[in-house]
Amino acid sequence: MEQTILEIRDLVKKYEDETILNGLNLQIRRGEVVVVLGPSGCGKSTLLRCMNALESIQGGQISLEGETVEKSSKNITMIRQKIGMVFQSYELFPHKTILENITLAPVHVQKRSLSDVEEEALALLKRVGLSGKENAYPRQLSGGQKQRAAIVRALCMHPEIMLFDEVTAALDPEMVREVLDVILELANEGMTMVIVTHEMQFARAVADRVLFIEGGQIVEESDPESFFTNPSTQRAKAFLQTFEFHKEQKKDS
Amino acid sequence: MQDLGISILFRGSNFVRLLGGLWVTIRISLLAAGLSVPLGILFGLFLNIRNPAAKVIGRIYLDFIRIMPQLVLLFIVFFGATRAFGWNLSNEFSAVLVFTLWGTAEMGDLVRGALISIPKHQYESAQALGLDTLQTYRYIIIPQTLRRLIPLTINLVTRMIKTTSLVVLIGIVEMMKVGQQIIDANRFEYPTAALWIYGVIFLLYFFTCWPISRFAKWLERKWN
């Protein structure tokens, strides 16, 4: 049996009076790729941010390998090192070169030797097609390149699990592919990942399991084939139809 | 000697006196700027406190200093304080005090602006990589804040150097005043003295502030 790496029980997240997540339960196994879908504002991104304790939670429990993930917890920086996160708007540090962006946390947080980390960083950059960009500053890179560098920055911490929060949503269409290819490759290597995305084709290709969230709860949960061909809930059907509709319109015109 | 007004500069110790006046200008500005920058950084941090009382106090100070012309502040401190409290403040001390009060307010606002201009995502990215609060500030937030702040601070210093010409009005003999004295003393011998002396003062101000603002421009270009 595959081992559970991340467990969420009865998660409640509120912003003042508004309840974003309402008693959500989820278990993620090691090596599993979970794609989270849902209409905008349904709490997908919030769920991801809770997994990394970027948000405080108002109820329930999140644990990673048995350790509680909580914003106020003393060893939260230790736990966060095991969780790699890539955000929607590429959040590289603008005052540091690509290589410095990548080596900062491994060197200062994990106290690894700079030369080792640099060697690893250069190898990873090469793998994602960014050889020669190591001394560039983020502003000199395209959106897709920045996002690939951000993925390398997270990978260099040797995380147990990677969280991707709509990483292609801010990209020009022709750059989406290069970023998704990197993620797909990671999936093939067995990285545990939770992915929030609006790219349905990609979701179908990369997911081991699809979660459909609405109203702060998981409404439907299944393998990608059955979710995309034959969703069992009305809400998921309606959600998928919004994408279908666009396609048919394009054919007519 | 009637033909060339510029020769007034080389009469007696006129040019050296002008330079002496420039030194008074620079001394007041540098003292005030040297005090304003650290105090302004503290004030800027104070302005970023979420406490509503701190906000009101900070706001009142900032608005009061900004709305008041510096000249009025100078008069209040130099003449008013003497009348009201019997303090016998020297004019140069009053000038440094007023320009420090003003500089602290302006610097505080610059610091506040620089701090809030760092996007929330920068903090979150750092946290997500496992950096603690101290490391986040040390490696991510403070370096970026300084980069935004240094050119702005340098511009504030040049503004301060120019504005110190007001201190003439509380009797400080700085460059402008020395210039006037030279012109007045030579009114009949050198009728065109005003043109030459003020021209030289213009150049002296220019060569004091220009390298400073070039430096700020250079930093801006280097970092952006």
# chains A, B, ... in the order shown; residues from 1 in each chain; ligands from 1
call {"tool": "closest_atom_pairs", "arguments": {"of": "chain A", "to": "chain B", "cutoff": "10 Å", "atoms": "only C-alpha atoms", "output": "tab-separated table"}}
result
residue	atom	partner	partner_atom	distance
A:Arg49	CA	B:Ala128	CA	9.5
A:Asn52	CA	B:Ala128	CA	6.9
A:Ala53	CA	B:Ala128	CA	8.6
A:Leu54	CA	B:Glu124	CA	7.0
A:Asn75	CA	B:Gly130	CA	9.8
A:Ile76	CA	B:Gly130	CA	7.7
A:Thr77	CA	B:Gly130	CA	4.4
A:Met78	CA	B:Gly130	CA	6.5
A:Ile79	CA	B:Gly130	CA	7.6
A:Arg80	CA	B:Gly130	CA	5.0
A:Gln81	CA	B:Gly130	CA	5.0
A:Lys82	CA	B:Gly130	CA	8.6
A:Ile83	CA	B:Ala128	CA	7.6
A:Gly84	CA	B:Ala128	CA	7.0
A:Met85	CA	B:Ala128	CA	6.4
A:Val86	CA	B:Ser125	CA	8.3
A:Phe87	CA	B:Ser125	CA	8.1
A:Ser89	CA	B:His121	CA	8.4
A:Tyr90	CA	B:His121	CA	9.1
A:Glu91	CA	B:Ser125	CA	6.3
A:Leu92	CA	B:Ser125	CA	7.7
A:Phe93	CA	B:Gln122	CA	7.0
A:Pro94	CA	B:Gln144	CA	8.1
A:His95	CA	B:Gln144	CA	6.6
A:Lys96	CA	B:Ile140	CA	9.1
A:Ile102	CA	B:Leu129	CA	10.0
A:Leu104	CA	B:Tyr139	CA	8.3
A:Ala105	CA	B:Leu129	CA	6.2
A:Pro106	CA	B:Leu129	CA	8.7
A:His108	CA	B:Leu131	CA	8.2
A:Val109	CA	B:Leu131	CA	6.2
A:Gln110	CA	B:Gly130	CA	8.8
A:Arg139	CA	B:Asn224	CA	9.0
A:Ala150	CA	B:Ser125	CA	9.7
A:Arg153	CA	B:Leu129	CA	8.6
A:Ala154	CA	B:Leu129	CA	7.1
A:Cys156	CA	B:Leu129	CA	10.0
A:Met157	CA	B:Leu129	CA	7.7
A:Pro159	CA	B:Leu129	CA	9.8
call {"tool": "write_last_selection", "arguments": {"atoms": "N, CA, C and O atoms", "output": "compact mmCIF listing (two decimals), in the first residue's frame"}}
result
# COMPACT_ATOMS: atom_id res chain seq x y z
N ARG A 49 -2.61 27.06 -0.26
CA ARG A 49 -1.89 27.95 0.65
C ARG A 49 -1.98 27.46 2.09
O ARG A 49 -1.07 27.67 2.87
N ASN A 52 0.65 24.84 2.94
CA ASN A 52 1.99 25.37 3.17
C ASN A 52 1.98 26.33 4.36
O ASN A 52 2.95 27.03 4.61
N ALA A 53 0.85 26.39 5.05
CA ALA A 53 0.69 27.27 6.21
C ALA A 53 0.94 28.74 5.87
O ALA A 53 1.39 29.51 6.70
N LEU A 54 0.65 29.12 4.64
CA LEU A 54 0.69 30.55 4.33
C LEU A 54 -0.59 31.21 4.83
O LEU A 54 -0.66 32.42 4.98
N ASN A 75 8.28 24.78 14.43
CA ASN A 75 9.14 24.19 13.40
C ASN A 75 8.53 24.32 11.99
O ASN A 75 8.82 23.53 11.12
N ILE A 76 7.70 25.37 11.82
CA ILE A 76 7.06 25.53 10.52
C ILE A 76 8.08 25.73 9.40
O ILE A 76 7.89 25.26 8.28
N THR A 77 9.20 26.40 9.70
CA THR A 77 10.19 26.59 8.63
C THR A 77 10.80 25.24 8.24
O THR A 77 11.14 25.03 7.08
N MET A 78 10.92 24.33 9.20
CA MET A 78 11.41 22.98 8.88
C MET A 78 10.42 22.26 7.96
O MET A 78 10.80 21.61 6.99
N ILE A 79 9.13 22.39 8.30
CA ILE A 79 8.11 21.70 7.51
C ILE A 79 8.04 22.29 6.10
O ILE A 79 7.96 21.57 5.11
N ARG A 80 8.11 23.62 6.04
CA ARG A 80 8.00 24.27 4.71
C ARG A 80 9.13 23.85 3.77
O ARG A 80 8.98 23.88 2.56
N GLN A 81 10.27 23.48 4.35
CA GLN A 81 11.37 23.04 3.49
C GLN A 81 11.01 21.77 2.73
O GLN A 81 11.59 21.47 1.69
N LYS A 82 10.06 21.00 3.28
CA LYS A 82 9.66 19.76 2.61
C LYS A 82 8.57 19.99 1.58
O LYS A 82 8.16 19.07 0.88
N ILE A 83 8.05 21.24 1.55
CA ILE A 83 6.95 21.54 0.64
C ILE A 83 7.43 22.60 -0.35
O ILE A 83 7.71 23.73 0.03
N GLY A 84 7.53 22.23 -1.61
CA GLY A 84 7.91 23.22 -2.62
C GLY A 84 6.67 23.87 -3.16
O GLY A 84 5.66 23.20 -3.38
N MET A 85 6.72 25.18 -3.34
CA MET A 85 5.52 25.84 -3.87
C MET A 85 5.89 26.77 -5.01
O MET A 85 6.87 27.51 -4.94
N VAL A 86 5.09 26.74 -6.07
CA VAL A 86 5.28 27.67 -7.18
C VAL A 86 3.97 28.43 -7.35
O VAL A 86 2.89 27.83 -7.36
N PHE A 87 4.10 29.76 -7.45
CA PHE A 87 2.92 30.62 -7.43
C PHE A 87 2.52 31.02 -8.85
O PHE A 87 3.27 30.85 -9.80
N SER A 89 1.91 34.23 -10.05
CA SER A 89 2.74 35.31 -10.60
C SER A 89 4.16 35.01 -10.15
O SER A 89 4.44 35.03 -8.97
N TYR A 90 4.98 34.69 -11.11
CA TYR A 90 6.34 34.23 -10.86
C TYR A 90 7.00 35.10 -9.81
O TYR A 90 7.26 36.28 -10.05
N GLU A 91 7.26 34.52 -8.67
CA GLU A 91 7.76 35.33 -7.56
C GLU A 91 9.24 35.09 -7.32
O GLU A 91 9.65 34.68 -6.26
N LEU A 92 10.03 35.33 -8.33
CA LEU A 92 11.48 35.29 -8.11
C LEU A 92 11.87 36.57 -7.36
O LEU A 92 11.13 37.53 -7.37
N PHE A 93 13.04 36.54 -6.74
CA PHE A 93 13.50 37.73 -6.04
C PHE A 93 14.20 38.63 -7.06
O PHE A 93 15.21 38.25 -7.62
N PRO A 94 13.66 39.84 -7.30
CA PRO A 94 14.15 40.65 -8.43
C PRO A 94 15.58 41.15 -8.25
O PRO A 94 16.25 41.47 -9.22
N HIS A 95 16.07 41.20 -7.01
CA HIS A 95 17.40 41.76 -6.79
C HIS A 95 18.49 40.69 -6.84
O HIS A 95 19.65 40.98 -6.60
N LYS A 96 18.11 39.46 -7.14
CA LYS A 96 19.11 38.40 -7.19
C LYS A 96 19.09 37.73 -8.57
O LYS A 96 18.05 37.68 -9.22
N ILE A 102 18.03 30.59 -6.69
CA ILE A 102 17.91 29.15 -6.44
C ILE A 102 18.74 28.73 -5.23
O ILE A 102 18.30 27.91 -4.42
N LEU A 104 19.79 30.56 -2.62
CA LEU A 104 19.58 31.28 -1.36
C LEU A 104 19.09 30.38 -0.22
O LEU A 104 19.73 30.28 0.83
N ALA A 105 17.95 29.72 -0.43
CA ALA A 105 17.37 28.95 0.66
C ALA A 105 18.18 27.69 0.99
O ALA A 105 18.44 27.41 2.16
N PRO A 106 18.64 26.91 -0.01
CA PRO A 106 19.46 25.74 0.35
C PRO A 106 20.70 26.14 1.16
O PRO A 106 21.07 25.43 2.10
N HIS A 108 21.25 29.18 2.97
CA HIS A 108 21.02 29.87 4.24
C HIS A 108 20.05 29.14 5.16
O HIS A 108 20.12 29.28 6.37
N VAL A 109 19.13 28.39 4.60
CA VAL A 109 18.16 27.69 5.45
C VAL A 109 18.64 26.27 5.75
O VAL A 109 18.64 25.83 6.89
N GLN A 110 19.06 25.57 4.71
CA GLN A 110 19.48 24.18 4.92
C GLN A 110 20.97 24.05 5.21
O GLN A 110 21.45 22.96 5.47
N ARG A 139 14.17 39.97 -14.40
CA ARG A 139 13.53 40.88 -15.36
C ARG A 139 13.98 40.61 -16.79
O ARG A 139 13.34 41.04 -17.74
N ALA A 150 11.47 29.30 -11.24
CA ALA A 150 10.81 29.18 -9.93
C ALA A 150 10.62 27.71 -9.56
O ALA A 150 10.73 27.34 -8.39
N ARG A 153 13.92 26.52 -8.39
CA ARG A 153 14.20 27.05 -7.05
C ARG A 153 13.53 26.18 -5.98
O ARG A 153 14.12 25.88 -4.96
N ALA A 154 12.29 25.77 -6.25
CA ALA A 154 11.59 24.93 -5.28
C ALA A 154 12.21 23.53 -5.23
O ALA A 154 12.38 22.95 -4.16
N CYS A 156 15.23 22.58 -5.75
CA CYS A 156 16.58 22.55 -5.16
C CYS A 156 16.53 22.37 -3.65
O CYS A 156 17.53 22.06 -3.03
N MET A 157 15.36 22.57 -3.05
CA MET A 157 15.21 22.34 -1.61
C MET A 157 14.94 20.86 -1.32
O MET A 157 14.73 20.48 -0.18
N PRO A 159 12.16 18.97 -1.98
CA PRO A 159 10.89 18.84 -1.26
C PRO A 159 10.30 17.44 -1.39
O PRO A 159 10.63 16.71 -2.33
call {"tool": "residues_around", "arguments": {"residues": "region 115-127 of chain A", "least_positions_apart": "3", "cutoff": "9 Å", "atoms": "only C-alpha atoms", "output": "list in words"}}
result
Leu99, Glu100, Ile102, Thr103, Pro106, Val107, Arg112, Leu130, Ser131, Gly132, Lys133, Glu134, Arg148, Ala149, Val152, Arg153, Leu155, Cys156 and Val182 of chain A
call {"tool": "residues_around", "arguments": {"residues": "region 62-64 of chain A", "least_positions_apart": "5", "cutoff": "12 Å", "atoms": "only C-alpha atoms", "output": "PyMOL selection string"}}
result
chain A and resi 3-13+23-30+47-53+55-57+69-71+73+76+78-83+159-161
call {"tool": "residues_around", "arguments": {"residues": "region 57-60 of chain B", "least_positions_apart": "3", "cutoff": "9 Å", "atoms": "only C-alpha atoms", "output": "list of chain:residue names"}}
result
B:Phe43, B:Gly44, B:Phe46, B:Leu47, B:Pro52, B:Ala53, B:Ala54, B:Asp63, B:Phe64, B:Ile65, B:Ala105
call {"tool": "write_last_selection", "arguments": {"atoms": "N, CA and C atoms", "output": "mmCIF file, in the first residue's frame"}}
result
data_model
loop_
_atom_site.group_PDB
_atom_site.id
_atom_site.type_symbol
_atom_site.label_atom_id
_atom_site.label_comp_id
_atom_site.auth_asym_id
_atom_site.auth_seq_id
_atom_site.Cartn_x
_atom_site.Cartn_y
_atom_site.Cartn_z
ATOM 1 N N PHE B 43 10.973 56.584 11.942
ATOM 2 C CA PHE B 43 9.633 57.146 11.760
ATOM 3 C C PHE B 43 8.863 56.366 10.697
ATOM 4 N N GLY B 44 9.567 55.956 9.636
ATOM 5 C CA GLY B 44 8.925 55.175 8.580
ATOM 6 C C GLY B 44 8.428 53.835 9.104
ATOM 7 N N PHE B 46 7.634 53.305 12.180
ATOM 8 C CA PHE B 46 6.519 53.685 13.048
ATOM 9 C C PHE B 46 5.243 53.881 12.221
ATOM 10 N N LEU B 47 5.387 54.506 11.039
ATOM 11 C CA LEU B 47 4.225 54.738 10.183
ATOM 12 C C LEU B 47 3.614 53.436 9.683
ATOM 13 N N PRO B 52 -3.895 51.899 15.390
ATOM 14 C CA PRO B 52 -4.573 53.119 14.929
ATOM 15 C C PRO B 52 -4.040 54.386 15.598
ATOM 16 N N ALA B 53 -3.684 54.325 16.884
ATOM 17 C CA ALA B 53 -3.162 55.520 17.563
ATOM 18 C C ALA B 53 -1.843 55.946 16.925
ATOM 19 N N ALA B 54 -0.974 54.966 16.644
ATOM 20 C CA ALA B 54 0.312 55.263 16.007
ATOM 21 C C ALA B 54 0.075 55.899 14.644
ATOM 22 N N ASP B 63 1.661 65.464 8.234
ATOM 23 C CA ASP B 63 0.885 66.511 7.571
ATOM 24 C C ASP B 63 1.262 67.892 8.069
ATOM 25 N N PHE B 64 1.469 68.007 9.370
ATOM 26 C CA PHE B 64 1.838 69.304 9.949
ATOM 27 C C PHE B 64 3.128 69.812 9.309
ATOM 28 N N ILE B 65 4.138 68.965 9.269
ATOM 29 C CA ILE B 65 5.438 69.374 8.725
ATOM 30 C C ILE B 65 5.325 69.685 7.233
ATOM 31 N N ALA B 105 10.328 63.766 8.607
ATOM 32 C CA ALA B 105 8.993 63.522 8.065
ATOM 33 C C ALA B 105 9.079 63.007 6.630
#
call {"tool": "atom_distance", "arguments": {"atom1": "CA of Gly66 (chain A)", "atom2": "CA of Met162 (chain A)"}}
result
17.2 Å
call {"tool": "residues_around", "arguments": {"residues": "Val77 (chain B)", "least_positions_apart": "6", "cutoff": "12 Å", "atoms": "only C-alpha atoms", "output": "list in words"}}
result
Gln70, Leu71, Arg83, Ala84, Phe85, Gly86, Trp87, Asn88, Leu89, Ser90, Asn91, Glu92, Phe93, Ser94, Ala95, Val96, Leu97, Val98, Phe99, Leu101, Val167 and Ile170 of chain B
call {"tool": "closest_residue", "arguments": {"among": "A:Leu141, A:Leu211, A:Leu240, A:Leu184", "to": "Pro224 (chain A)", "atoms": "only C-alpha atoms"}}
result
A:Leu211
call {"tool": "residues_around", "arguments": {"residues": "Val157 (chain B)", "least_positions_apart": "2", "cutoff": "9 Å", "atoms": "only C-alpha atoms", "output": "PyMOL selection string"}}
result
chain B and resi 29-30+33+103+152-155+159-162+209+212
call {"tool": "write_last_selection", "arguments": {"atoms": "N, CA, C and O atoms", "output": "short mmCIF file (atom, residue, chain, number, x, y, z; two decimals), in the first residue's frame"}}
result
data_model
loop_
_atom_site.label_atom_id
_atom_site.label_comp_id
_atom_site.auth_asym_id
_atom_site.auth_seq_id
_atom_site.Cartn_x
_atom_site.Cartn_y
_atom_site.Cartn_z
N SER B 29 23.16 71.34 6.05
CA SER B 29 22.46 70.28 5.32
C SER B 29 22.93 68.90 5.76
O SER B 29 22.12 68.00 5.98
N LEU B 30 24.25 68.74 5.87
CA LEU B 30 24.76 67.41 6.21
C LEU B 30 24.37 67.01 7.62
O LEU B 30 23.99 65.86 7.86
N ALA B 33 20.70 66.22 7.41
CA ALA B 33 20.47 64.97 6.67
C ALA B 33 20.97 63.77 7.48
O ALA B 33 20.30 62.74 7.55
N GLY B 103 13.18 66.81 7.45
CA GLY B 103 13.80 65.65 6.81
C GLY B 103 13.29 64.34 7.39
O GLY B 103 13.07 63.38 6.65
N LEU B 152 16.12 57.82 -3.67
CA LEU B 152 15.16 58.79 -3.13
C LEU B 152 15.77 59.61 -2.01
O LEU B 152 15.55 60.81 -1.90
N THR B 153 16.57 58.93 -1.18
CA THR B 153 17.22 59.62 -0.07
C THR B 153 18.20 60.67 -0.57
O THR B 153 18.28 61.78 -0.06
N ILE B 154 18.94 60.29 -1.61
CA ILE B 154 19.92 61.24 -2.16
C ILE B 154 19.22 62.46 -2.74
O ILE B 154 19.66 63.59 -2.54
N ASN B 155 18.11 62.24 -3.38
CA ASN B 155 17.35 63.38 -3.89
C ASN B 155 16.85 64.26 -2.76
O ASN B 155 16.83 65.49 -2.90
N ARG B 159 17.58 68.28 -2.18
CA ARG B 159 16.50 69.23 -1.89
C ARG B 159 16.83 70.01 -0.62
O ARG B 159 16.57 71.22 -0.51
N MET B 160 17.39 69.29 0.35
CA MET B 160 17.71 69.93 1.62
C MET B 160 18.80 70.99 1.42
O MET B 160 18.70 72.09 1.96
N ILE B 161 19.82 70.67 0.62
CA ILE B 161 20.90 71.63 0.38
C ILE B 161 20.34 72.91 -0.23
O ILE B 161 20.68 74.02 0.18
N LYS B 162 19.42 72.76 -1.17
CA LYS B 162 18.86 73.94 -1.82
C LYS B 162 17.98 74.75 -0.87
O LYS B 162 18.01 75.97 -0.88
N CYS B 209 25.22 69.89 -5.94
CA CYS B 209 24.08 68.97 -6.06
C CYS B 209 24.19 68.04 -7.27
O CYS B 209 23.72 66.91 -7.22
N ILE B 212 25.80 64.68 -6.76
CA ILE B 212 24.96 63.86 -5.89
C ILE B 212 23.80 63.27 -6.68
O ILE B 212 23.50 62.08 -6.59
#
call {"tool": "closest_residue", "arguments": {"among": "A:Gln61, A:Met193, A:Gln140, A:Met200", "to": "Phe227 (chain A)", "atoms": "only C-alpha atoms"}}
result
A:Met200
call {"tool": "select_by_dssp", "arguments": {"residues": "region 8-204 of chain B", "states": "helix (DSSP H, G or I)", "output": "count of residues only"}}
result
165
call {"tool": "residues_around", "arguments": {"residues": "Pro39 (chain A)", "least_positions_apart": "3", "cutoff": "10 Å", "atoms": "only C-alpha atoms", "output": "short mmCIF file (atom, residue, chain, number, x, y, z; two decimals) with N, CA, C and O atoms, in the first residue's frame"}}
result
data_model
loop_
_atom_site.label_atom_id
_atom_site.label_comp_id
_atom_site.auth_asym_id
_atom_site.auth_seq_id
_atom_site.Cartn_x
_atom_site.Cartn_y
_atom_site.Cartn_z
N CYS A 42 -13.58 29.18 -5.60
CA CYS A 42 -14.10 28.03 -4.86
C CYS A 42 -13.18 27.62 -3.72
O CYS A 42 -13.52 26.78 -2.92
N GLY A 43 -11.99 28.20 -3.67
CA GLY A 43 -11.10 27.88 -2.56
C GLY A 43 -9.93 26.98 -2.93
O GLY A 43 -9.22 26.52 -2.05
N LYS A 44 -9.72 26.74 -4.24
CA LYS A 44 -8.61 25.85 -4.63
C LYS A 44 -7.26 26.41 -4.21
O LYS A 44 -6.45 25.72 -3.60
N HIS A 198 -6.17 25.58 -14.70
CA HIS A 198 -7.34 25.72 -15.58
C HIS A 198 -7.09 25.06 -16.93
O HIS A 198 -7.89 25.21 -17.84
N PHE A 212 -12.73 17.87 -7.55
CA PHE A 212 -13.52 19.02 -7.98
C PHE A 212 -14.08 19.68 -6.72
O PHE A 212 -14.76 19.05 -5.93
N ILE A 213 -13.72 20.94 -6.54
CA ILE A 213 -14.11 21.65 -5.33
C ILE A 213 -15.15 22.71 -5.66
O ILE A 213 -15.03 23.43 -6.65
N GLU A 214 -16.16 22.78 -4.82
CA GLU A 214 -17.10 23.88 -4.91
C GLU A 214 -17.68 24.13 -3.54
O GLU A 214 -17.91 23.18 -2.78
N GLY A 215 -17.88 25.40 -3.22
CA GLY A 215 -18.46 25.74 -1.92
C GLY A 215 -17.62 25.27 -0.76
O GLY A 215 -18.14 24.92 0.31
N ARG A 235 -22.81 19.36 -10.76
CA ARG A 235 -21.96 20.55 -10.70
C ARG A 235 -20.71 20.38 -11.55
O ARG A 235 -20.29 21.28 -12.25
N ALA A 236 -20.09 19.22 -11.46
CA ALA A 236 -18.88 18.96 -12.24
C ALA A 236 -19.22 18.98 -13.73
O ALA A 236 -18.48 19.53 -14.54
N PHE A 239 -19.57 22.48 -14.79
CA PHE A 239 -18.24 23.12 -14.85
C PHE A 239 -17.53 22.74 -16.14
O PHE A 239 -17.01 23.59 -16.86
N LEU A 240 -17.54 21.44 -16.46
CA LEU A 240 -16.84 20.99 -17.67
C LEU A 240 -17.51 21.53 -18.93
O LEU A 240 -16.85 21.80 -19.93
N THR A 242 -18.73 24.43 -19.33
CA THR A 242 -18.30 25.80 -19.63
C THR A 242 -17.10 25.77 -20.57
O THR A 242 -16.93 26.63 -21.41
#
call {"tool": "atom_distance", "arguments": {"atom1": "CA of Val111 (chain B)", "atom2": "CA of Tyr137 (chain B)"}}
result
14.5 Å
call {"tool": "atom_distance", "arguments": {"atom1": "CA of Pro138 (chain A)", "atom2": "CA of Ala216 (chain B)"}}
result
22.9 Å
call {"tool": "decode", "arguments": {"residues": "region 138-150 of chain A", "atoms": "C-alpha atoms", "output": "mmCIF file, in the first residue's frame"}}
result
data_model
loop_
_atom_site.group_PDB
_atom_site.id
_atom_site.type_symbol
_atom_site.label_atom_id
_atom_site.label_comp_id
_atom_site.auth_asym_id
_atom_site.auth_seq_id
_atom_site.Cartn_x
_atom_site.Cartn_y
_atom_site.Cartn_z
ATOM 1 C CA PRO A 138 14.530 37.749 -13.392
ATOM 2 C CA ARG A 139 13.534 40.878 -15.361
ATOM 3 C CA GLN A 140 15.621 39.633 -18.305
ATOM 4 C CA LEU A 141 13.594 36.415 -18.600
ATOM 5 C CA SER A 142 10.255 35.726 -20.252
ATOM 6 C CA GLY A 143 7.308 34.652 -18.132
ATOM 7 C CA GLY A 144 7.722 31.001 -19.048
ATOM 8 C CA GLN A 145 11.433 31.100 -18.274
ATOM 9 C CA LYS A 146 10.778 32.743 -14.919
ATOM 10 C CA GLN A 147 8.240 30.103 -14.036
ATOM 11 C CA ARG A 148 10.677 27.309 -14.935
ATOM 12 C CA ALA A 149 13.325 28.994 -12.789
ATOM 13 C CA ALA A 150 10.807 29.183 -9.933
#
